[in-house]
Structures are given as C-alpha cells and as structure tokens.
Amino acid sequence: MASKKLVSGGLAGMLVLTAMLSACSSSSNTSTGGAAQPGTSAADGKAVSLSIWTGWPELDPFFKKMADDYKKTKPNVSIEISSFPLRDYEKKVAAALPSKSAADILPLNPNLALRYIEGKMLQTTPDDLVKQNNSGIHQKLIVDTTVVGGKSYGVPSFMGSGAIYYNKDMLKEAGLTEPPTVDNLLDYAQKLAKRDASGNLERAGMSLRLSGGGSGTGEKFWNILAQRGGSIVKEVSPGKFKADYNTEAGYQTLKLYVDMVHKFKTDDPKVKHDTEAFQTKAAAFYIRESNVIADTKKKAPDLNYDAAPLKANVISLINYYVSSTDKAKADAAWDFIRFVTKPENHKQMVAMSGWLPPRDDLDLNDLYKEYPQYKAFFTKQELQMYPAIAEFDEILTKFADRIATKGFTDPSFVDNPDKMKAFLNEAAKETNDILKKAGHLAE
C-alpha cells in the first residue's frame with residue numbers, strides 16, 4: 001500500500017500530489033539579476049546563471065524573494081524562475097530532461113522523479129545535504145523518498161496534506177456546535193446544504209472533487225478512503241503491490257459520493273466546487289490542502305472559517321532535484337537549495353505560499369496567531385504517500401478518469417452495492433494489469 005506510518009507533530013500538517021497537489025494557474029516568468037556566462041563557478045566568484053521551473057505559480061513570490069536574498073550573499077549568481085500550470089510543467093520536464101535542456105533546479109514529486117533518476121537524468125545529492133536529510137528534521141517516511149538504489153537524490157521542499165475547511169457562520173446557522181469530522185461528513189452535508197424554492201441546490205453541504213485534470217480527482221477520493229484505512233494500492237511484499245480500493249473501505253467511500261450527489265443531493269456537478277465554492281459561500285465545507293489559507297486571505301479575507309483535522313492524510317511531497325551536468329551550475333544549484341532550506345527561509349514559504357515544509361523542527365506559534373487554521377495540519381495522524389513505483393501516476397490518473405466519468409455520474413449506483421462493487425472490481429483489474437506490466441503485481 002502507499003506507505004503508512006503513525007506520526008505526530010509537524011509532519012502531519014504538511015502534503016503532489018502529485019497528483020495531491022493539483023492547483024494550476026497561468027504561467028509566469030520572473031528573472032533576477034543580469035546576464036551570466038555559463039560554465040563558471042559560484043564558488044570562484046565568476047558569473048553563474050541558474051534556472052528554476054515549477055508547476056506552482058503561487059510559489060513565485062517566495063522563490064523571487066529567495067533569489068534576491070541569495071544574490072545579496074552571492075552577487076555572481078543570477079536566478080531565473082519560470083512557472084507553468086502543473087500538467088504543462090510535467091510535460092515540459094518530460095520533454096526537456098532527455099534532451100538536457102531542462103532547468104537547473106526542478107521541484108518534483110519523488111514518484112515522478114523516479115523515471116528520471118532511473119534514466120540518469122538527475123544528479124546525486126552532495127554529502128552535506130544527505131546529512132541534512134538524515135539529521136532528524138524529517139520523518140523517515142520523507143527521507144526514504146530521497147534514496148533510490150542506495151544513492152541519494154533530492155532534498156525535501158514542500159508538502160500538501162488535507163484538512164476539513166468549514167464555514168463557522170453556516171454551522172452556527174444550522175445549530176451545529178462542533179466542527180465536521182470524518183465520521184459525520186454525510187450528516188453535516190445534509191444539514192448544511194441549501195436549496196432554492198424550486199428545490200435546486202444553491203449551496204453544497206460538502207463540496208466534493210467530482211472532476212478535474214490528471215490524478216487530482218483520484219487523490220481526493222484516496223484521502224477520504226484513507227480515513228477508513230484503505231489506499232489505492234497495497235504493498236503485499238517488498239516491491240509487490242495490488243489494488244486496495246475494491247474493498248469494503250473503497251465501497252463505503254464510493255457510496256459516500258453517490259449518496260451525496262444522487263441520493264441526498266448535497267452536492268451537484270452543476271454548482272461551483274472546491275476552493276472557489278468555499279470562498280464564495282457556495283459550499284459549507286470541504287477537504288483541501290494548506291495553500292487554501294494563503295489563497296483565502298487574498299480572495300476572501302472576511303470569510304469566517306476554520307479547519308478541522310482528518311484522522312489520516314495522503315501526503316503529496318515535492319523534493320528539489322538538480323539536473324545540470326555542468327559542474328559550476330550544479331554546485332550553484334545545490335548551494336541555492338542549501339539557502340532556501342535554511343529553517344528561517346523554509347518557514348517563510350508557509351506564510352508566502354501556504355505550502356508546508358516537510359520538517360518537524362520549525363516553531364510556527366507566531367504563524368498560528370495570525371492563521372489558526374494551520375493547527376489542523378499539525379495533529380497525530382496516520383500518513384500515506386505515493387508508493388515508490390514509477391507507474392503509480394498512470395494508475396491514479398486512470399482510476400481518477402473512471403470515477404469521474406462513471407463512478408460519480410451514475411445515479412443507478414444509489415442503494416445498489418453490487419453495482420458499485422462490480423465497478424470497483426473492474427477498475428482494480430486495470431490497476432493490477434498496470435502493476436503486472438511493470439513487474440510489480442503481487443500474484
């Protein structure tokens with residue numbers, strides 16, 4: 001199964017998912033510093049020009065500030081930051097790495113990075129950063145993603161994990177005195193949904209992820225599945241997996257969606273969804289990652305809301321990787337990574353972007369005073385993570401397509417457990433076929 005481990009403190013408040021992590025916006029391009037001569041060293045004071053690509057434009061202000069601050073200490077290093085919608089970024093990386101035309105620094109989901117590591121397109125991590133990775137500031141679950149074939153690649157950058165965001169005014173109006181929990185999602189959704197005189201839904205109870213690009217829809221399903229102890233795949237023996245959602249936990253998760261959309265009609269594909277719905281008061285509550293907090297400050301600063309913790313979390317991790325084979329560029333790239341992962345700098349990322357650093361050594365009490373919602377991410381939880389198999393993105397994306405186009409759209413699933421279970425078994429066969437083709441199926 002996706003790695004599971006009971007942990008406490010900071011880690012539980014931190015997940016790409018890749019799939020986990022699915023917010024996108026238009027591309028931007030920020031350049032700091034002047035032109036530089038390629039192939040020269042940051043250490044000897046000669047000009048070096050570095051590039052960073054990302055799929056998270058909300059991180060642009062943080063990276064620009066880090067580049068500006070770094071230039072104060074290394075004036076010979078210029079850094080260009082380019083961001084793209086997430087799926088475009090992944091396609092760009094896939095095309096550029098084989099031709100050695102990618103950016104020098106690439107933040108990537110370690111599961112996605114596997115194929116590039118296996119293809120010898122990413123550089124091993126310097127010894128001092130390996131020591132930093134293993135210094136105790138990260139949970140073992142995180143550190144394990146930086147080791148492939150006994151060698152170290154990458155440095156933990158940021159994470160996403162879920163919490164239940166809820167509108168405090170709407171709960172009070174409905175006479176609900178406690179925040180929603182994973183055990184009362186359907187009950188709260190029914191009590192908080194609102195309809196017009198014609199019976200049309202005008203406010204969703206719980207806003208579900210019913211559609212969307214890539215594997216994000218599957219990742220959100222997975223996070224609710226995790227509350228029941230389920231996962232997308234289960235590791236049966238070392239390196240051998242099988243589908244793990246055609247189970248009672250998977251059936252109950254699918255049933256929750258079907259009941260909310262088709263039986264009790266507390267959500268509807270026709271209404272606004274996700275963060276936009278929550279910020280515009282078109283939904284009373286939903287599950288989403290920590291970047292919602294910074295985004296809500298900008299887009300809905302007067303929204304009276306809070307966040308409640310989940311029992312379990314699917315962690316979407318992003319690590320920094322270096323692709324450049326030019327020694328001067330690679331040395332400068334790793335040095336910049338040392339700079340941005342200093343505790344005081346890593347902490348700035350939270351306030352500036354809403355994403356959380358995957359480490360346990362930061363004091364965030366001052367952040368809690370301004371944003372109490374972050375506390376929901378720092379509770380003792382069972383964690384799951386993308387398994388270390390390169391085909392998992394294909395598995396999750398294809399599963400997401402199935403549930404978005406059939407699982408969530410078929411009203412005949414209502415009160416029909418046999419039909420829902422047959423659907424999950426059919427999807428699981430596809431998952432297992434992918435695992436078998438890759439040599440990872442537990443027979």
# chains A, B, ... in the order shown; residues from 1 in each chain; ligands from 1
>>> select_by_dssp(residues="range 335-369 of chain A", states="alpha helix (DSSP H)", output="NGL selection string")
:A and (335-340 or 343-353 or 365-369)
>>> residues_around(residues="range 44-57 of chain A", least_positions_apart="4", cutoff="6 Å", atoms="only C-alpha atoms", output="ChimeraX atom specification")
/A:36-38,40,76-86,89,103-106
>>> write_last_selection(atoms="all heavy atoms", output="compact mmCIF listing (two decimals), in the first residue's frame")
# COMPACT_ATOMS: atom_id res chain seq x y z
N ALA A 36 24.64 36.11 -17.36
CA ALA A 36 25.79 35.41 -16.78
C ALA A 36 26.44 34.55 -17.83
O ALA A 36 25.82 34.18 -18.82
CB ALA A 36 25.32 34.54 -15.61
N GLN A 37 27.70 34.23 -17.60
CA GLN A 37 28.41 33.35 -18.51
C GLN A 37 28.22 31.92 -18.04
O GLN A 37 28.52 31.60 -16.89
CB GLN A 37 29.91 33.70 -18.52
CG GLN A 37 30.18 35.11 -19.00
CD GLN A 37 29.74 35.30 -20.44
OE1 GLN A 37 29.92 34.42 -21.26
NE2 GLN A 37 29.14 36.45 -20.74
N PRO A 38 27.70 31.04 -18.90
CA PRO A 38 27.53 29.65 -18.49
C PRO A 38 28.88 28.98 -18.27
O PRO A 38 29.90 29.36 -18.83
CB PRO A 38 26.80 29.02 -19.69
CG PRO A 38 27.16 29.88 -20.84
CD PRO A 38 27.29 31.26 -20.29
N THR A 40 30.61 28.73 -15.48
CA THR A 40 31.52 29.29 -14.48
C THR A 40 31.01 28.96 -13.10
O THR A 40 29.90 28.54 -12.91
CB THR A 40 31.64 30.81 -14.66
OG1 THR A 40 30.34 31.38 -14.64
CG2 THR A 40 32.32 31.14 -15.97
N ASN A 76 27.30 37.02 -7.76
CA ASN A 76 27.66 36.48 -9.08
C ASN A 76 26.62 35.50 -9.62
O ASN A 76 26.72 35.08 -10.77
CB ASN A 76 29.01 35.78 -9.01
CG ASN A 76 29.04 34.66 -7.97
OD1 ASN A 76 28.74 34.91 -6.81
ND2 ASN A 76 29.39 33.46 -8.38
N VAL A 77 25.63 35.13 -8.79
CA VAL A 77 24.65 34.13 -9.21
C VAL A 77 23.32 34.80 -9.55
O VAL A 77 22.74 35.50 -8.72
CB VAL A 77 24.43 33.06 -8.13
CG1 VAL A 77 23.39 32.03 -8.59
CG2 VAL A 77 25.74 32.37 -7.79
N SER A 78 22.84 34.60 -10.77
CA SER A 78 21.54 35.11 -11.21
C SER A 78 20.60 33.93 -11.37
O SER A 78 20.99 32.87 -11.85
CB SER A 78 21.67 35.85 -12.54
OG SER A 78 22.55 36.95 -12.41
N ILE A 79 19.36 34.13 -10.96
CA ILE A 79 18.40 33.02 -10.96
C ILE A 79 17.14 33.43 -11.69
O ILE A 79 16.52 34.46 -11.37
CB ILE A 79 18.06 32.59 -9.51
CG1 ILE A 79 19.36 32.18 -8.79
CG2 ILE A 79 17.07 31.44 -9.51
CD1 ILE A 79 19.18 31.90 -7.31
N GLU A 80 16.75 32.63 -12.67
CA GLU A 80 15.52 32.86 -13.42
C GLU A 80 14.47 31.85 -12.98
O GLU A 80 14.74 30.65 -12.94
CB GLU A 80 15.77 32.73 -14.92
CG GLU A 80 14.52 33.00 -15.76
CD GLU A 80 14.76 32.83 -17.25
OE1 GLU A 80 15.86 32.38 -17.61
OE2 GLU A 80 13.86 33.15 -18.02
N ILE A 81 13.28 32.33 -12.66
CA ILE A 81 12.20 31.49 -12.16
C ILE A 81 11.08 31.47 -13.19
O ILE A 81 10.58 32.52 -13.58
CB ILE A 81 11.66 32.00 -10.82
CG1 ILE A 81 12.78 32.07 -9.77
CG2 ILE A 81 10.52 31.12 -10.31
CD1 ILE A 81 12.82 33.35 -9.01
N SER A 82 10.68 30.29 -13.62
CA SER A 82 9.58 30.17 -14.57
C SER A 82 8.58 29.16 -14.03
O SER A 82 8.97 28.05 -13.63
CB SER A 82 10.08 29.69 -15.94
OG SER A 82 11.01 30.60 -16.49
N SER A 83 7.31 29.53 -14.00
CA SER A 83 6.28 28.62 -13.52
C SER A 83 5.21 28.41 -14.58
O SER A 83 4.96 29.29 -15.41
CB SER A 83 5.65 29.14 -12.23
OG SER A 83 5.04 30.39 -12.42
N PHE A 84 4.59 27.25 -14.53
CA PHE A 84 3.62 26.84 -15.53
C PHE A 84 2.49 26.09 -14.84
O PHE A 84 2.65 25.60 -13.72
CB PHE A 84 4.29 25.90 -16.55
CG PHE A 84 5.61 26.39 -17.07
CD1 PHE A 84 6.80 26.09 -16.40
CD2 PHE A 84 5.67 27.20 -18.19
CE1 PHE A 84 8.02 26.56 -16.86
CE2 PHE A 84 6.89 27.68 -18.66
CZ PHE A 84 8.06 27.36 -17.99
N PRO A 85 1.32 25.98 -15.48
CA PRO A 85 0.30 25.09 -14.94
C PRO A 85 0.91 23.70 -14.73
O PRO A 85 1.76 23.26 -15.52
CB PRO A 85 -0.77 25.09 -16.03
CG PRO A 85 -0.61 26.41 -16.71
CD PRO A 85 0.87 26.67 -16.71
N LEU A 86 0.49 23.03 -13.68
CA LEU A 86 1.17 21.83 -13.23
C LEU A 86 1.34 20.78 -14.32
O LEU A 86 2.44 20.24 -14.51
CB LEU A 86 0.43 21.23 -12.02
CG LEU A 86 1.08 20.00 -11.39
CD1 LEU A 86 2.50 20.28 -10.96
CD2 LEU A 86 0.24 19.51 -10.22
N TYR A 89 3.86 21.84 -16.81
CA TYR A 89 5.20 21.73 -16.23
C TYR A 89 5.71 20.29 -16.33
O TYR A 89 6.85 20.04 -16.75
CB TYR A 89 5.16 22.18 -14.77
CG TYR A 89 6.37 21.83 -13.95
CD1 TYR A 89 7.63 22.33 -14.28
CD2 TYR A 89 6.26 21.03 -12.82
CE1 TYR A 89 8.75 22.02 -13.51
CE2 TYR A 89 7.36 20.72 -12.04
CZ TYR A 89 8.61 21.20 -12.39
OH TYR A 89 9.71 20.89 -11.63
N ALA A 103 15.50 23.01 -16.79
CA ALA A 103 16.04 23.97 -15.82
C ALA A 103 17.06 23.27 -14.92
O ALA A 103 17.06 22.04 -14.78
CB ALA A 103 14.90 24.56 -14.99
N ASP A 104 17.90 24.07 -14.30
CA ASP A 104 18.93 23.51 -13.41
C ASP A 104 18.33 22.92 -12.15
O ASP A 104 18.80 21.90 -11.64
CB ASP A 104 19.93 24.60 -13.05
CG ASP A 104 20.57 25.23 -14.27
OD1 ASP A 104 21.23 24.49 -15.03
OD2 ASP A 104 20.36 26.45 -14.49
N ILE A 105 17.29 23.58 -11.61
CA ILE A 105 16.63 23.11 -10.39
C ILE A 105 15.18 22.77 -10.74
O ILE A 105 14.46 23.59 -11.31
CB ILE A 105 16.67 24.18 -9.28
CG1 ILE A 105 18.12 24.53 -8.93
CG2 ILE A 105 15.92 23.70 -8.04
CD1 ILE A 105 18.26 25.68 -7.95
N LEU A 106 14.76 21.56 -10.37
CA LEU A 106 13.41 21.09 -10.67
C LEU A 106 12.75 20.55 -9.41
O LEU A 106 13.16 19.50 -8.89
CB LEU A 106 13.46 19.98 -11.73
CG LEU A 106 14.04 20.35 -13.09
CD1 LEU A 106 14.27 19.09 -13.92
CD2 LEU A 106 13.09 21.31 -13.82
>>> atom_distance(atom1="CA of Lys263 in chain A", atom2="CA of Gln190 in chain A")
10.6 Å
>>> residues_around(residues="Lys298 in chain A", least_positions_apart="5", cutoff="12 Å", atoms="only C-alpha atoms", output="number ranges by chain")
A: 58, 279, 291-293, 303, 352-354
>>> closest_residue(among="A:Phe413, A:Gly216, A:Met66, A:Asp144", to="Glu344 in chain A", atoms="only C-alpha atoms")
A:Met66
>>> select_by_dssp(residues="range 126-239 of chain A", states="strand (DSSP E or B)", output="list in words")
Val147, Val148, Lys151, Ser152, Val155, Pro156, Ser157, Phe158, Met159, Gly160, Ala163, Ile164, Tyr165, Tyr166, Asn167, Lys194, Arg195, Leu201, Glu202, Arg203, Ala204, Gly205, Met206, Val233, Lys234, Glu235, Val236 and Ser237 of chain A
>>> write_last_selection(atoms="N, CA, C and O atoms", output="mmCIF file, in the first residue's frame")
data_model
loop_
_atom_site.group_PDB
_atom_site.id
_atom_site.type_symbol
_atom_site.label_atom_id
_atom_site.label_comp_id
_atom_site.auth_asym_id
_atom_site.auth_seq_id
_atom_site.Cartn_x
_atom_site.Cartn_y
_atom_site.Cartn_z
ATOM 1 N N VAL A 147 16.152 8.394 -1.388
ATOM 2 C CA VAL A 147 17.116 7.314 -1.609
ATOM 3 C C VAL A 147 16.575 6.360 -2.671
ATOM 4 O O VAL A 147 15.482 5.809 -2.527
ATOM 5 N N VAL A 148 17.327 6.193 -3.743
ATOM 6 C CA VAL A 148 16.953 5.294 -4.836
ATOM 7 C C VAL A 148 18.160 4.436 -5.174
ATOM 8 O O VAL A 148 19.230 4.953 -5.488
ATOM 9 N N LYS A 151 21.471 5.237 -3.444
ATOM 10 C CA LYS A 151 22.053 6.563 -3.634
ATOM 11 C C LYS A 151 21.034 7.642 -3.290
ATOM 12 O O LYS A 151 19.826 7.400 -3.372
ATOM 13 N N SER A 152 21.524 8.817 -2.927
ATOM 14 C CA SER A 152 20.641 9.915 -2.514
ATOM 15 C C SER A 152 20.396 10.881 -3.669
ATOM 16 O O SER A 152 21.344 11.285 -4.365
ATOM 17 N N VAL A 155 16.286 16.909 -2.206
ATOM 18 C CA VAL A 155 16.159 17.477 -0.859
ATOM 19 C C VAL A 155 14.684 17.852 -0.661
ATOM 20 O O VAL A 155 14.099 18.510 -1.532
ATOM 21 N N PRO A 156 14.052 17.451 0.446
ATOM 22 C CA PRO A 156 12.637 17.766 0.658
ATOM 23 C C PRO A 156 12.357 19.266 0.573
ATOM 24 O O PRO A 156 13.056 20.075 1.174
ATOM 25 N N SER A 157 11.325 19.614 -0.187
ATOM 26 C CA SER A 157 10.999 21.012 -0.448
ATOM 27 C C SER A 157 9.698 21.426 0.232
ATOM 28 O O SER A 157 9.691 22.260 1.126
ATOM 29 N N PHE A 158 8.557 20.874 -0.226
ATOM 30 C CA PHE A 158 7.283 21.223 0.406
ATOM 31 C C PHE A 158 6.293 20.080 0.265
ATOM 32 O O PHE A 158 6.507 19.139 -0.492
ATOM 33 N N MET A 159 5.223 20.184 1.039
ATOM 34 C CA MET A 159 4.219 19.131 1.075
ATOM 35 C C MET A 159 2.820 19.708 1.065
ATOM 36 O O MET A 159 2.613 20.857 1.447
ATOM 37 N N GLY A 160 1.881 18.887 0.677
ATOM 38 C CA GLY A 160 0.468 19.200 0.836
ATOM 39 C C GLY A 160 -0.197 18.088 1.618
ATOM 40 O O GLY A 160 0.150 16.924 1.476
ATOM 41 N N ALA A 163 -7.155 18.951 5.231
ATOM 42 C CA ALA A 163 -7.914 19.228 6.444
ATOM 43 C C ALA A 163 -9.329 19.582 6.005
ATOM 44 O O ALA A 163 -9.578 19.830 4.821
ATOM 45 N N ILE A 164 -10.252 19.592 6.931
ATOM 46 C CA ILE A 164 -11.639 19.936 6.621
ATOM 47 C C ILE A 164 -11.847 21.422 6.890
ATOM 48 O O ILE A 164 -11.849 21.861 8.042
ATOM 49 N N TYR A 165 -12.012 22.201 5.842
ATOM 50 C CA TYR A 165 -12.322 23.624 5.992
ATOM 51 C C TYR A 165 -13.834 23.783 6.131
ATOM 52 O O TYR A 165 -14.595 23.184 5.363
ATOM 53 N N TYR A 166 -14.253 24.603 7.091
ATOM 54 C CA TYR A 166 -15.690 24.769 7.296
ATOM 55 C C TYR A 166 -16.032 26.227 7.602
ATOM 56 O O TYR A 166 -15.252 26.958 8.218
ATOM 57 N N ASN A 167 -17.213 26.624 7.148
ATOM 58 C CA ASN A 167 -17.707 27.981 7.358
ATOM 59 C C ASN A 167 -18.370 28.047 8.732
ATOM 60 O O ASN A 167 -19.391 27.395 8.980
ATOM 61 N N LYS A 194 -28.219 23.816 1.062
ATOM 62 C CA LYS A 194 -29.346 24.750 0.980
ATOM 63 C C LYS A 194 -29.888 24.762 -0.451
ATOM 64 O O LYS A 194 -29.129 24.779 -1.417
ATOM 65 N N ARG A 195 -31.229 24.762 -0.559
ATOM 66 C CA ARG A 195 -31.885 24.742 -1.873
ATOM 67 C C ARG A 195 -32.803 25.947 -2.024
ATOM 68 O O ARG A 195 -33.286 26.504 -1.039
ATOM 69 N N LEU A 201 -30.212 22.978 -5.853
ATOM 70 C CA LEU A 201 -29.138 23.199 -4.889
ATOM 71 C C LEU A 201 -28.460 24.536 -5.158
ATOM 72 O O LEU A 201 -27.979 24.786 -6.260
ATOM 73 N N GLU A 202 -28.458 25.404 -4.159
ATOM 74 C CA GLU A 202 -27.772 26.686 -4.306
ATOM 75 C C GLU A 202 -26.555 26.781 -3.397
ATOM 76 O O GLU A 202 -25.717 27.668 -3.579
ATOM 77 N N ARG A 203 -26.481 25.889 -2.413
ATOM 78 C CA ARG A 203 -25.280 25.798 -1.574
ATOM 79 C C ARG A 203 -25.023 24.336 -1.250
ATOM 80 O O ARG A 203 -25.884 23.650 -0.705
ATOM 81 N N ALA A 204 -23.844 23.852 -1.630
ATOM 82 C CA ALA A 204 -23.483 22.472 -1.326
ATOM 83 C C ALA A 204 -23.192 22.336 0.160
ATOM 84 O O ALA A 204 -22.719 23.273 0.807
ATOM 85 N N GLY A 205 -23.498 21.166 0.690
ATOM 86 C CA GLY A 205 -23.087 20.872 2.052
ATOM 87 C C GLY A 205 -21.582 20.693 2.067
ATOM 88 O O GLY A 205 -20.833 21.567 2.473
ATOM 89 N N MET A 206 -21.142 19.536 1.552
ATOM 90 C CA MET A 206 -19.719 19.296 1.357
ATOM 91 C C MET A 206 -19.414 19.365 -0.132
ATOM 92 O O MET A 206 -20.066 18.698 -0.938
ATOM 93 N N VAL A 233 -3.213 1.393 -3.720
ATOM 94 C CA VAL A 233 -2.537 0.109 -3.853
ATOM 95 C C VAL A 233 -1.969 -0.289 -2.503
ATOM 96 O O VAL A 233 -1.659 0.557 -1.665
ATOM 97 N N LYS A 234 -1.833 -1.600 -2.302
ATOM 98 C CA LYS A 234 -1.315 -2.140 -1.054
ATOM 99 C C LYS A 234 -0.036 -2.920 -1.350
ATOM 100 O O LYS A 234 -0.012 -3.747 -2.278
ATOM 101 N N GLU A 235 0.999 -2.662 -0.582
ATOM 102 C CA GLU A 235 2.242 -3.413 -0.749
ATOM 103 C C GLU A 235 2.119 -4.727 0.003
ATOM 104 O O GLU A 235 2.110 -4.764 1.232
ATOM 105 N N VAL A 236 2.025 -5.811 -0.722
ATOM 106 C CA VAL A 236 1.826 -7.139 -0.139
ATOM 107 C C VAL A 236 3.150 -7.739 0.319
ATOM 108 O O VAL A 236 3.232 -8.409 1.351
ATOM 109 N N SER A 237 4.179 -7.530 -0.471
ATOM 110 C CA SER A 237 5.538 -7.943 -0.144
ATOM 111 C C SER A 237 6.466 -6.894 -0.728
ATOM 112 O O SER A 237 6.033 -6.074 -1.541
#
>>> residues_around(residues="range 319-324 of chain A", least_positions_apart="5", cutoff="10 Å", atoms="only C-alpha atoms", output="PyMOL selection string")
chain A and resi 50-52+97+100-110+113+116-117+120-125+142+145-146+153-159+329-331+333-334+337+341+358
>>> atom_distance(atom1="CA of Gln381 in chain A", atom2="CA of Ala312 in chain A")
5.0 Å
>>> residues_around(residues="range 371-374 of chain A", least_positions_apart="6", cutoff="8 Å", atoms="only C-alpha atoms", output="number ranges by chain")
A: 13, 290, 293, 306-308
>>> residues_around(residues="Tyr70 in chain A", least_positions_apart="4", cutoff="9 Å", atoms="only C-alpha atoms", output="number ranges by chain")
A: 65-66, 74-75, 77, 336, 339-340
>>> closest_residue(among="A:Ile137, A:Leu367, A:Ile434, A:Leu256", to="Pro417 in chain A", atoms="only C-alpha atoms")
A:Leu256
>>> atom_distance(atom1="CA of Ala284 in chain A", atom2="CA of Gly199 in chain A")
17.7 Å
